Every structure is written in structure tokens, then in C-alpha cells.
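Quick look at entry38.txt (compact mmCIF, C-alpha atoms):
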# COMPACT_ATOMS: atom_id res chain seq x y z
CA ASP A 23 -107.19 57.34 36.93
CA ARG A 24 -105.89 53.80 36.51
CA LEU A 25 -104.83 53.69 40.18
CA ARG A 26 -108.21 55.03 41.25
CA GLU A 27 -109.92 52.37 39.16
CA ILE A 28 -107.80 49.63 40.74
CA ALA A 29 -108.51 51.01 44.22
CA GLY A 30 -112.24 51.12 43.51
CA THR A 31 -112.53 54.91 43.76
CA ALA A 32 -113.02 55.81 40.10
CA PRO A 33 -115.96 58.20 39.51
CA LYS A 34 -119.15 56.65 38.32
CA PRO A 35 -120.77 57.76 35.04
CA GLY A 36 -122.75 60.93 35.33
CA GLY A 37 -120.60 62.28 38.15
CA MET A 38 -122.26 60.15 40.81
CA LYS A 39 -120.18 59.79 43.95
CA THR A 40 -118.64 56.38 44.60
CA VAL A 41 -119.78 54.86 47.91
CA LEU A 42 -117.60 52.07 49.32
CA THR A 43 -118.89 49.26 51.50
CA PRO A 44 -116.96 48.59 54.72
CA GLU A 45 -115.37 45.52 53.12
CA GLU A 46 -114.31 47.53 50.05
CA ARG A 47 -112.93 50.29 52.25
CA ALA A 48 -110.88 47.75 54.26
CA ALA A 49 -109.50 46.20 51.07
CA ARG A 50 -108.71 49.57 49.48
CA PRO A 51 -105.12 50.04 50.84
CA ALA A 52 -104.06 46.59 49.66
CA ARG A 53 -105.66 47.12 46.25
CA LEU A 54 -104.02 50.52 45.93
CA ALA A 55 -100.61 49.10 46.90
CA ALA A 56 -101.05 46.30 44.35
CA GLY A 57 -101.99 48.85 41.71
CA GLU A 58 -98.95 50.98 42.48
CA ALA A 59 -96.68 47.92 42.27
CA ALA A 60 -98.20 46.90 38.93
CA PHE A 61 -97.89 50.45 37.62
CA ALA A 62 -94.25 50.66 38.78
CA ALA A 63 -93.43 47.32 37.13
CA ASP A 64 -95.01 48.43 33.86
CA ALA A 65 -93.11 51.73 34.02
CA ALA A 66 -89.84 49.96 34.81
CA ASP A 67 -90.28 47.63 31.83
CA LEU A 68 -91.06 50.59 29.60
CA ASP A 69 -88.11 52.58 30.98
CA ALA A 70 -85.72 49.64 30.50
CA GLU A 71 -86.92 49.13 26.95
CA SER A 72 -86.66 52.85 26.17
CA TYR A 73 -83.22 53.01 27.78
CA GLU A 74 -81.90 50.10 25.70
CA ARG A 75 -83.42 51.59 22.56
CA GLY A 76 -81.79 54.91 23.34
CA LYS A 77 -78.41 53.28 23.99
CA GLU A 78 -78.58 51.46 20.67
CA VAL A 79 -79.34 54.71 18.85
CA GLN A 80 -76.42 56.33 20.66
CA ARG A 81 -74.04 53.49 19.75
CA THR A 82 -75.12 53.69 16.10
CA TYR A 83 -74.59 57.44 16.02
CA ARG A 84 -71.14 57.18 17.60
CA ARG A 85 -70.09 54.40 15.25
CA LYS A 86 -71.13 56.43 12.21
CA ARG A 87 -69.38 59.49 13.63
CA TYR A 88 -66.16 57.49 14.02
CA GLU A 89 -66.47 56.05 10.51
CA ALA A 90 -66.93 59.56 9.10
CA ALA A 91 -63.82 60.80 10.94
CA ARG A 92 -61.67 57.78 10.07
CA PRO A 93 -59.58 58.22 6.89
CA ALA A 94 -60.87 55.98 4.10
CA ALA A 95 -57.45 54.32 3.82
CA PHE A 96 -57.94 52.78 7.28
CA ALA A 97 -61.52 51.53 6.89
CA GLU A 98 -60.25 47.94 6.59
CA SER A 99 -57.38 48.21 9.09
CA ASN A 100 -57.39 45.05 11.16
CA LEU A 101 -55.30 43.72 14.03
CA ASP A 102 -55.01 40.36 12.30
CA ARG A 103 -53.43 41.93 9.23
CA LEU A 104 -50.74 44.03 10.91
CA LEU A 105 -47.22 43.59 9.59
CA PRO A 106 -44.47 42.46 11.98
CA GLN A 107 -42.86 45.92 11.77
CA GLN A 108 -46.08 47.51 13.07
CA ASP A 109 -46.43 45.40 16.19
CA ALA A 110 -43.33 43.27 16.63
CA GLY A 111 -44.01 42.37 20.26
CA GLY A 112 -47.79 42.01 19.97
CA ILE A 113 -48.31 45.00 22.28
CA GLY A 114 -50.82 46.67 19.97
CA ARG A 115 -52.90 43.53 19.49
CA GLY A 116 -53.30 43.03 23.21
CA TRP A 117 -53.46 46.65 24.30
CA LEU A 118 -57.26 46.92 24.64
CA ASP A 119 -57.13 44.11 27.22
CA SER A 120 -54.05 45.39 29.04
CA PRO A 121 -53.85 47.69 32.09
CA ALA A 122 -52.00 50.35 30.06
CA ARG A 123 -54.22 53.34 29.26
CA ILE A 124 -51.92 55.24 26.87
CA LEU A 125 -50.41 53.84 23.65
CA LEU A 126 -47.71 55.86 21.89
CA PRO A 127 -46.80 54.49 18.44
CA SER A 128 -43.80 56.36 17.05
CA GLY A 129 -41.28 56.00 14.26
CA PRO A 130 -40.51 57.30 10.78
CA SER A 131 -43.33 58.68 8.66
CA GLY A 132 -45.16 56.19 6.45
CA HIS A 133 -44.25 52.98 8.28
CA GLY A 134 -47.71 52.07 9.61
CA LYS A 135 -48.38 53.97 12.85
CA SER A 136 -51.79 55.30 11.81
CA ASP A 137 -52.80 51.93 10.38
CA LEU A 138 -51.97 50.37 13.75
CA ALA A 139 -53.97 53.04 15.61
CA PHE A 140 -57.05 52.58 13.43
CA ALA A 141 -56.79 48.79 13.50
CA ILE A 142 -57.19 49.13 17.28
CA GLY A 143 -59.94 51.73 16.81
CA ASN A 144 -61.87 49.42 14.47
CA GLU A 145 -61.60 46.58 16.97
CA ALA A 146 -62.82 48.88 19.75
CA ILE A 147 -65.85 49.84 17.65
CA ARG A 148 -66.55 46.15 17.04
CA ARG A 149 -66.62 45.69 20.81
CA GLY A 150 -69.16 48.49 21.19
CA MET A 151 -66.79 51.10 22.59
CA TRP A 152 -67.15 54.85 22.03
CA VAL A 153 -64.23 55.90 19.83
CA GLU A 154 -63.32 59.43 18.77
CA ALA A 155 -60.63 59.96 16.12
CA TRP A 156 -58.86 63.16 15.14
CA SER A 157 -55.65 64.14 13.48
CA ALA A 158 -53.93 66.71 15.69
CA ALA A 159 -54.18 69.28 12.90
CA GLU A 160 -57.95 68.75 12.53
CA LEU A 161 -58.58 69.01 16.26
CA VAL A 162 -56.54 72.21 16.39
CA GLN A 163 -58.70 73.70 13.63
CA MET A 164 -61.88 72.63 15.40
CA LEU A 165 -60.91 74.08 18.78
CA LYS A 166 -59.17 77.29 17.76
CA PRO A 167 -60.93 80.51 18.80
CA LEU A 168 -63.74 81.54 16.49
CA PRO A 169 -63.26 84.71 14.44
CA LYS A 170 -64.93 87.81 15.87
CA HIS A 171 -67.86 87.70 13.43
CA ALA A 172 -68.70 84.10 14.43
CA ARG A 173 -68.47 84.29 18.21
CA ASN A 174 -72.25 84.48 18.56
CA ASP A 175 -72.80 81.56 16.19
CA GLU A 176 -74.47 79.02 18.48
CA ARG A 177 -74.03 76.13 16.03
CA ARG A 178 -70.26 76.57 15.66
CA THR A 179 -69.87 77.11 19.39
CA ALA A 180 -71.85 73.93 20.07
CA ARG A 181 -69.63 71.96 17.65
CA GLN A 182 -66.52 73.15 19.49
CA GLU A 183 -67.97 72.27 22.87
CA ASP A 184 -69.05 68.85 21.62
CA ALA A 185 -65.59 68.13 20.18
CA MET A 186 -63.87 69.03 23.45
CA TRP A 187 -66.36 67.12 25.60
CA SER A 188 -66.19 64.02 23.39
CA ALA A 189 -62.38 64.05 23.35
CA LYS A 190 -62.36 64.09 27.14
CA GLU A 191 -65.14 61.58 27.79
CA CYS A 192 -64.92 58.88 25.08
CA ASP A 193 -63.78 55.31 25.78
CA LEU A 194 -60.95 55.55 23.23
CA LEU A 195 -59.41 58.71 21.80
CA ILE A 196 -57.16 58.43 18.75
CA LEU A 197 -55.01 61.52 18.28
CA ASP A 198 -53.05 60.98 15.10
CA ASP A 199 -49.82 62.74 14.11
CA LEU A 200 -49.30 64.85 17.21
CA GLY A 201 -46.68 67.43 16.33
CA GLY A 202 -47.98 67.76 12.79
CA GLU A 203 -49.87 70.94 13.68
CA THR A 204 -48.43 74.22 12.46
CA SER A 205 -46.42 76.02 15.11
CA GLY A 206 -46.78 79.51 16.50
CA GLY A 207 -49.75 81.69 17.49
CA TYR A 208 -52.75 79.82 18.78
CA VAL A 209 -51.10 76.40 18.41
CA ALA A 210 -48.23 77.44 20.65
CA GLU A 211 -50.53 78.79 23.36
CA ASP A 212 -54.21 77.79 23.57
CA TRP A 213 -53.77 74.39 21.95
CA ARG A 214 -51.26 73.31 24.57
CA SER A 215 -53.76 74.26 27.29
CA GLN A 216 -56.55 72.42 25.51
CA LEU A 217 -54.40 69.33 25.01
CA LEU A 218 -53.52 69.39 28.69
CA GLU A 219 -57.21 69.73 29.59
CA ILE A 220 -58.10 66.71 27.44
CA LEU A 221 -55.30 64.54 28.79
CA SER A 222 -56.03 65.59 32.37
CA ALA A 223 -59.67 64.55 32.02
CA ARG A 224 -58.56 61.14 30.74
CA ASP A 225 -55.61 60.67 33.09
CA GLY A 226 -56.05 57.63 35.32
CA HIS A 227 -59.67 57.04 34.37
CA PRO A 228 -60.34 53.27 34.35
CA HIS A 229 -62.49 53.32 31.20
CA ARG A 230 -60.69 55.89 29.04
CA ARG A 231 -57.87 54.89 26.70
CA THR A 232 -55.79 57.12 24.45
CA ILE A 233 -53.64 56.46 21.38
CA VAL A 234 -51.26 59.23 20.32
CA THR A 235 -49.13 58.72 17.21
CA PHE A 236 -46.18 60.96 16.37
CA ASN A 237 -43.21 60.89 14.05
CA GLY A 238 -39.68 60.04 15.12
CA GLY A 239 -36.39 59.60 13.32
CA THR A 240 -35.11 56.48 11.63
CA THR A 241 -32.84 53.92 13.25
CA ALA A 242 -31.99 52.15 10.01
CA ASP A 243 -28.63 53.91 9.57
CA GLN A 244 -27.55 53.59 13.21
CA PRO A 245 -24.52 51.35 13.88
CA ASP A 246 -25.67 49.57 17.03
CA GLU A 247 -28.54 49.06 19.46
CA ALA A 248 -27.38 51.84 21.78
CA ALA A 249 -27.51 54.37 18.94
CA LYS A 250 -30.94 53.11 17.85
CA LYS A 251 -32.25 53.45 21.39
CA LEU A 252 -30.97 57.02 21.51
CA VAL A 253 -32.95 57.86 18.35
CA LYS A 254 -36.12 56.50 19.96
CA LEU A 255 -35.53 58.37 23.22
CA THR A 256 -34.87 61.57 21.28
CA ALA A 257 -38.31 61.29 19.68
CA PHE A 258 -40.02 61.09 23.07
CA ARG A 259 -37.87 63.91 24.46
CA TRP A 260 -38.85 66.04 21.48
CA LEU A 261 -42.50 65.46 22.37
CA GLU A 262 -41.83 66.70 25.89
CA SER A 263 -40.03 69.81 24.65
CA GLN A 264 -42.69 70.59 22.02
CA TYR A 265 -45.50 70.75 24.57
CA ASP A 266 -44.60 70.89 28.26
CA SER A 267 -43.80 68.68 31.22
CA ARG A 268 -47.44 68.48 32.34
CA VAL A 269 -48.52 67.06 28.98
CA ALA A 270 -45.56 64.67 28.97
CA THR A 271 -46.33 63.53 32.52
CA ARG A 272 -49.90 62.63 31.58
CA LEU A 273 -48.74 60.79 28.47
CA ARG A 274 -46.25 58.76 30.53
CA ASN A 275 -48.85 57.67 33.10
CA GLN A 276 -49.92 54.05 32.40
CA MET A 277 -48.20 54.31 29.00
CA VAL A 278 -46.67 51.78 26.66
CA GLY A 279 -44.77 52.74 23.51
CA ILE A 280 -44.38 50.97 20.17
CA TRP A 281 -41.61 51.82 17.74
CA VAL A 282 -42.91 51.28 14.19
CA GLU A 283 -40.18 51.02 11.57
CA GLY A 284 -39.32 48.84 8.59
CA GLU A 285 -40.38 49.14 5.00
CA CYS A 286 -42.10 52.39 4.04
CA LEU A 287 -45.74 51.55 3.33
CA ARG A 288 -46.47 54.64 1.28
CA LYS A 289 -45.84 53.64 -2.31
CA VAL A 290 -45.35 56.66 -4.52
CA SER A 291 -45.06 55.97 -8.25
CA ASP A 292 -42.68 57.97 -10.39
CA TRP A 293 -44.29 61.00 -11.91
CA SER A 294 -43.38 64.14 -13.74
CA PRO A 295 -45.22 67.45 -13.94
CA PHE A 296 -43.96 67.90 -17.49
Can the structure in the file be given as C-alpha cells, please?
Amino acid sequence: DRLREIAGTAPKPGGMKTVLTPEERAARPARLAAGEAAFAADAADLDAESYERGKEVQRTYRRKRYEAARPAAFAESNLDRLLPQQDAGGIGRGWLDSPARILLPSGPSGHGKSDLAFAIGNEAIRRGMWVEAWSAAELVQMLKPLPKHARNDERRTARQEDAMWSAKECDLLILDDLGGETSGGYVAEDWRSQLLEILSARDGHPHRRTIVTFNGGTTADQPDEAAKKLVKLTAFRWLESQYDSRVATRLRNQMVGIWVEGECLRKVSDWSPF
């Protein structure tokens, strides 16, 4: 109706037919074209505004989702407060701006690997990136086959599909404590296939980064640098043997590793059950 009004062809009150003069008829195409251009410009402005509003809602939702998944202990993790043992060469601090797409922090349990991972995750969120965070054990529980009585549960099925899709598509995936899942059964079979599917979807993608933390042995009691290096290599070889060569190949592509070891950061006070 608006275009018809602009073109001078809107119905008159009472249903009377509009009669155009020759001059009005000659000017009609130009007026109609001008009306279409004005309408398109208004629609484009509205679409752009709606798009930006939608993107902001999406960013807010994803940030809150990440904050809900992030362990409370790492809410304040920050790249500026990392200890030297967590990032001795500065690799972690500069990783988001580096060409490497995979970061593998490894080392003894409790020495700061997860804190490093979430310090990077928090920085990525600050930059507006889409970050998904899971412990390996939690993701296993989310993706394992539903029990027979729940296979027609659309809500649970949708949650599984969303978790898999988000793990494959997000800008940064944090997979904490890989290898900490229980072994056998589903974990030994379907989980390996699902992990491969996730890593394959992320492999080589220019805008998808992945952090995978896993435990390794300690080098503190090793006599020399060669022995310490062997401990570190053994940890990575264990990862290859625990999953398979296809998973290991995708983890090695555009990868950089960080060995995190020093003082144990988990302070446990003396206690007695008696």
C-alpha cells in the first residue's frame, strides 16, 4: 500500500478508481522506483539494527553459558596473574594471537594447567569470542547414548545435539583433563569416535581454536634434561595410545605444547576423619 501511495495509485476513499493524468502516468515509474529504493533502505536499516541486536543477545547468552560451565575456582583466572611455572615461555599469553590452533598444556596434576586454560578462556570471552568449556568427563556424560526409556525424550536429545554442535563450531573449545574419563564400555568406543568427530570439524579451521589439558608425570626427580624430556614425550605418547592415531594426528596439527610443573597449587590442609 505504501508503494502504491508513493506511485500515485492508491485507491481513493469510497472505492473510487484512481485516474492518472498523462503527466502522472509518465512520472509513475520513477516515483515507484524511488519508493522501492526508500522502502529497501528502511528495510536494510531495520534488518541491520535487528541483526546487531540479535548478535548482542547471542553473545550475552554464550558468555553466560561459558560462565555457568566454568568452575568457580577459575572465575578470576587471568593471563596477567599466571605464575612462571604455568607459562614459562609466554606461549599461553600470546597463543590467541598466534597461528597455532591447538594448545596442549600438560604436566603433573595440580600445577596450574586448568587455571592457564581458563585464563585464556576468560580473555577470549573478553574479546567477544564464543567459548565452550567442558571437562572430558562431563562431555562424555553429556554425549553418551541415552537409556532406552529416554530415547524419545526430545529435550535430552536436543541437549546432546547442541553440545556436539557447539563443541565443533565454537571459536574456542576448552577440553579439560582429557584422559580423566573412566575407561571401558562406551568411553572406549563411542567417545573416541565422538572426540574424533569434534576434532575433525575443528581441524585446520582458521577461526576455531582448541585447548586440551591432560596429566603427565613429574620431571622433578629426573637426573638430567634428557630424562625430563623423555617424561614429557611419554605423556604425549600415552595420549596417542589412549585414543588412536587419528585423534593424535588432529591434535598435532598446528599444535603447541606447554609443560606446566613447579609447586603444587592445590593446598590441602591436614585433616583427620576421627
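Put simply, CA of Leu261 in chain A is 9.5 Å away from CA of Asn237 in chain A.
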message: Residues within 10 Å of Ser222 in chain A, please, as a VMD selection string. Count all atoms listed in the file; anything in the same chain fewer than 5 positions from it doesn't count.
response: chain A and resid 190 216 to 217 227 268 to 269 271 to 273
- request: Quick one: everything within 10 Å of Leu125 in chain A, counting all atoms listed in the file, minus sequence neighbours fewer than 6 positions away in the same chain. Send it as a ChimeraX atom specification.
  value: /A:113-114,117-118,139,196,231-235,273-274,276-280
- prompt: For the atom pair CA of Phe236 in chain A and CA of Leu200 in chain A, what is the interatomic distance in Å to one decimal place?
  reply: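 CA of Phe236 in chain A sits 5.1 Å away from CA of Leu200 in chain A.
We find CA of Glu78 in chain A and CA of Ile220 in chain A to be spaced 26.4 Å apart.
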Distance criterion (only C-alpha atoms): nearest to Glu219 in chain A out of A:Met186, A:Glu176, A:Val162, A:Asp199: A:Met186
query: Could you name the residues that touch range 238-254 of chain A at 6 Å or less, counting all atoms listed in the file, but leaving out those on the same chain fewer than 3 positions away, as a ChimeraX atom specification?
result: /A:128-130,257
query: Using only C-alpha atoms, which of the listed residues (A:Asp212, A:Glu89, A:Asp109, A:Trp187) sits closest to Gln163 in chain A?
result: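 For Gln163 in chain A, the nearest of the given residues is A:Asp212.
Nearest residue to Ser131 in chain A, choosing from A:Ala97, A:Ala180, A:Ala172, A:Leu287 and counting all atoms listed in the file: A:Leu287.
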